[in-house]
Every structure is written in C-alpha cells, then in structure tokens.
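**Q** Have a look at this one.
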Amino acid sequence: MKENDINRINGDLNSGKGICLTVLGARGSVPVHGERFHEYGGATTCFLIEAGEQAVFVDAGTGIIAADAEMVAGKEISILLTHPHIDHLAGLPFFAPLSEKERRISVYGTQRGGSSLREQVDALYRPPYWPLGLSAYPSDIEYHTIRYQTISNSDRSEASAETPMLRLGHMEIDGFEVPHPGGCTAYRIRSAGRSIVIATDAELPFPGGRSDAAGQPPDEGADTFDADGFLAFIRGADLMLCDSQYTDAEYAVKKGYGHSTPSVAFAWKEAAGVKELLLVHHDPTHDDEFLDAWERQIGRPDVHFARRGDRRRLI
Ligand SMILES: [Zn+2]
Ligand SMILES: [Zn+2]
C-alpha cells in the first residue's frame with residue numbers, strides 16, 4: 001500500500017467514514033506466554049475498534065494492556081464487556097488510561113447473574129482479591145447497563161436496526177445474547193455502512209438446526225437462543241470474529257463448556273453471507289504450530305485464526 005493510500009485511509013477513519021479493528025488479545029480462558037505463542041499471542045480477549053474519535057475496546061482481557069496512552073490519545077474511550085468472566089476482565093486494572101487523571105472511560109455491559117455492571121466489576125476488584133477498587137484510580141469510570149432486544153423477526157433481510165442500542169460518534173452498536181455459561185453478549189458495530197460482529201464466548205449450534213459435532217445440540221442457553229434472530233443479527237457483516245476454541249474432537253468431550261468450533265463458526269459465516277471470518281478465543285493448549293497447521297487445513301482465504309496485532313480497515 002502506498003503512503004498516500006495510508007494517509008487517505010487514516011483521514012477517512014478520522015472523519016468517521018470507516019472502521020478499523022485491531023486484535024490486542026485473542027487467547028481464551030487464560031493467558032499463555034513463550035515462544036510457542038508468539039504469532040497468535042498469549043493475551044486474553046481484547047479487540048480495539050476505531051472510527052472517528054471513538055476508541056471502543058471489546059472486553060478488557062490482558063490484551064488491553066497493550067493499549068498505551070499514545071494509542072488512545074485524543075480519543076473517547078469506551079469498553080464494551082461481553083460478560084464478566086475473568087479472562088475478559090483480567091487486564092482492566094493495567095489499562096493505562098485508568099491512571100490518567102479525570103480521563104473518562106465509559107464501560108457498557110448487561111446485568112448478569114442479578115448483578116449490575118458495576119457490581120460485576122467491583123466483585124472482582126476489591127480486597128481481598130485486589131488491593132483497591134477501580135473507583136480509587138485517577139480516571140473517571142462511568143458504568144452503563146445496556147439492554148438489547150432479540151431480533152425476533154427472521155424475515156428481516158438484514159439486522160439494520162433503525163434504532164441501534166447504542167451510538168458512539170459515528171458508530172452504531174447492537175447486542176445479541178449468545179449461549180454461554182452465565183450468558184454473553186455478541187456485538188455488531190457499524191460505521192458508514194461497514195460492520196463488524198464480535199461473537200466471542202459462544203457455544204453456537206449449527207445454523208438451520210443441524211446437530212453439533214458431538215451429534216447433540218449444546219445445552220447452555222440453547223433453549224433460549226434465537227437462531228433465526230442471530231442469523232439476522234450477523235447477516236451481511238463485512239467481518240465476524242467468532243469463538244472457535246475447540247477442534248471437533250475436543251468439543252465432543254467439552255460440550256457445555258460454552259465454546260464453539262471453526263466448523264460451526266464457518267457454517268454461520270456461510271449461512272449469513274459474512275465476508276470474512278476471524279476465529280478467536282484460542283485454547284491455551286493450541287500453540288502457533290497447531291493453529292498454523294489448522295489454518296492450512298481449513299485452507300480458505302476468507303477464514304483465519306486471529307493473530308496478535310492483526311488489523312482490518314474497512315472503508
Ligand atoms: Zn472467555
Ligand atoms: Zn466466558
């Protein structure tokens with residue numbers, strides 16, 4: 001890409017015409033480190049989405065530690081939490097802007113387990129589990145509990161909600177509940193006609209009622225999961241990040257743990273006409289060699305395992 005093109009793209013992003021995703025952490029369950037995990041990264045879930053003045057982090061796993069002050073200088077910071085499992089919150093106390101005096105950080109998420117969003121975060125970060133609450137940090141954290149409606153009308157050709165759940169600058173954001181122990185939110189983020197879906201931590205059944213790899217539909221949340229609504233929610237997205245933690249063989253013995261396989265993720269991509277699929281929430285036992293070989297075996301130009309530092313600019 002020529003420098004002029006890069007300048008033009010940066011200009012488009014700053015004027016809110018495009019959207020950019022950066023993978024800061026795609027590991028699932030627990031961070032890992034060492035040479036074997038260099039390419040795909042060992043940090044847990046965190047994806048940065050930028051459009052205009054907005055810097056929106058989806059989850060605050062240890063990947064968020066890579067977001068230094070320079071990366072978010074002059075930007076409005078928001079964090080969308082998918083759910084409060086520790087691997088998605090573990091990096092939050094080390095997020096550099098938390099230590100900037102009066103820096104406003106808006107955190108969004110749903111009620112979970114009868115606890116408000118703030119109660120979920122405070123439950124983890126308080127003595128004796130953590131030396132101080134996040135409200136003691138110099139920044140100004142605001143918690144916003146979000147609610148989203150299931151798109152129950154499966155006749156809709158596209159999840160083009162006229163009234164998005166949330167607007168942040170040029171971004172329009174909607175949520176959808178996916179099957180996972182304790183529940184989890186998938187997000188769809190749009191800007192200037194481009195859209196990114198993030199569906200991490202989801203034990204999805206195959207679309208269209210096919211049984212899963214183990215021959216049984218998943219248990220957790222499956223009874224309330226609106227498959228037609230989910231199809232409408234992800235339909236036509238430019239990019240989808242989807243939980244693909246297990247091989248089919250692993251899933252057969254880890255059914256109910258709340259995670260999917262690349263086979264399931266790919267089936268949803270194809271069913272919904274999603275253009276590109278990034279597989280995320282890598283199992284801690286899957287090292288670079290394993291993921292490289294698996295990606296080659298899948299052998300598709302529009303399907304990859306997310307790598308540390310991956311960027312996608314959609315203009
Ligand atoms: Zn997770
Ligand atoms: Zn989880």
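Each chain in the structure tokens gets a letter, A, B, ..., in the order shown, and its residues are numbered from 1; ligands are numbered from 1 in order too.
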Output the neighbourhood of ligand 2 as number ranges by chain, that is, all protein and nucleic acid residues with some atom at most 9 Å from the ligand, counting only C-alpha atoms and all ligand atoms.

**A** A: 28-29, 82-88, 180-184, 200-202, 257-259

**Q** Restricting the output to C-alpha atoms, write the selected residues as a compact mmCIF listing (two decimals), in the first residue's frame.

**A**
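And here's part_1.txt as it stands now:
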# COMPACT_ATOMS: atom_id res chain seq x y z
CA GLY A 28 -9.27 -17.79 25.52
CA SER A 29 -9.65 -18.84 29.14
CA THR A 82 -19.32 -9.23 26.58
CA HIS A 83 -19.56 -10.89 30.02
CA PRO A 84 -17.63 -10.76 33.29
CA HIS A 85 -15.59 -13.98 33.10
CA ILE A 86 -12.10 -13.32 34.44
CA ASP A 87 -10.30 -13.83 31.12
CA HIS A 88 -12.32 -10.85 29.79
CA HIS A 180 -22.53 -19.41 27.19
CA PRO A 181 -22.48 -20.30 30.91
CA GLY A 182 -23.83 -17.21 32.65
CA GLY A 183 -24.64 -15.60 29.29
CA CYS A 184 -22.61 -13.50 26.88
CA THR A 200 -16.61 -14.44 21.39
CA ASP A 201 -17.53 -16.97 24.08
CA ALA A 202 -20.49 -18.56 22.36
CA TYR A 257 -18.16 -25.50 28.39
CA GLY A 258 -19.56 -22.61 26.35
CA HIS A 259 -17.34 -22.55 23.26

**Q** Taking 5 positions as the minimum chain separation for residues in the same chain, which residues sit within 10 Å of A:Ala123 when counting only C-alpha atoms? Answer as a list in words.

**A**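 In the requested form, the answer reads Pro84, Ser115, Arg118, Tyr129, Trp130 and Gly133 of chain A.
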
**Q** Go ahead and dump the residues you just picked, N, CA and C atoms, as a short mmCIF file (atom, residue, chain, number, x, y, z; two decimals), in the first residue's frame.

**A**
data_model
loop_
_atom_site.label_atom_id
_atom_site.label_comp_id
_atom_site.auth_asym_id
_atom_site.auth_seq_id
_atom_site.Cartn_x
_atom_site.Cartn_y
_atom_site.Cartn_z
N PRO A 84 -18.67 -11.06 32.29
CA PRO A 84 -17.63 -10.76 33.29
C PRO A 84 -16.69 -11.92 33.64
N SER A 115 -26.57 -9.10 39.03
CA SER A 115 -25.66 -8.01 39.43
C SER A 115 -25.61 -6.96 38.33
N ARG A 118 -21.63 -2.53 37.26
CA ARG A 118 -20.64 -2.06 38.23
C ARG A 118 -20.38 -3.11 39.32
N TYR A 129 -9.34 -9.71 47.04
CA TYR A 129 -8.92 -10.25 45.74
C TYR A 129 -8.02 -9.28 44.98
N TRP A 130 -8.20 -7.99 45.28
CA TRP A 130 -7.41 -6.95 44.61
C TRP A 130 -7.25 -5.83 45.64
N GLY A 133 -10.38 -0.85 44.84
CA GLY A 133 -11.43 -0.80 43.83
C GLY A 133 -11.03 0.10 42.67
#

**Q** Between A:Arg235, A:Lys101, A:Arg126, A:Arg27, single out the one closest to A:Asp287, counting only C-alpha atoms.

**A**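 Closest candidate: A:Arg27.
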
**Q** Pull the alpha helix (DSSP H) assignments for stretch 56-135 of chain A out of DSSP run on the backbone, and list those residues as an MDAnalysis selection string.

**A** chainID A and resid 117:124

**Q** So, counting only C-alpha atoms and all ligand atoms, which residue among A:Cys242, A:Ala51, A:Val121, A:Met165 is closest to ligand 1?

**A**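 Answer, going by the shortest atom-to-atom distance: A:Cys242.
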
**Q** Out of A:Val30, A:Leu92, A:Gly309, A:Thr185, which residue has the shortest atom-to-atom distance to A:Gly42 when counting only C-alpha atoms?

**A**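 Nearest candidate to A:Gly42 out of A:Val30, A:Leu92, A:Gly309, A:Thr185: A:Val30.
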
**Q** With only C-alpha atoms as the counted atoms, please give the residues lying no more than 12 Å from stretch 65-74 of chain A, apart from itself and same-chain residues fewer than 5 positions off, as JSON, numbers by chain.

**A** {"A": [14, 22, 23, 24, 25, 41, 42, 43, 44, 45, 46, 47, 48, 49, 50, 51, 52, 53, 54, 55, 56, 57, 59, 60, 89, 90, 91, 92, 93, 94, 95, 96, 97, 98, 99, 100, 103, 104, 105, 308, 309]}

**Q** Looking at A:His304, A:His38, A:Lys254, A:His281, which one is nearest to ligand 1, with distances taken over only C-alpha atoms and all ligand atoms?

**A** A:His281

**Q** Give me, as a ChimeraX atom specification, all polymer residues having an atom no more than 12 Å from A:Arg312, counting only C-alpha atoms and skipping those fewer than 2 positions away in the same chain.

**A** /A:9,13,18-23,47-50,194-196,238-241,276-278,306-307,309-310,314-315
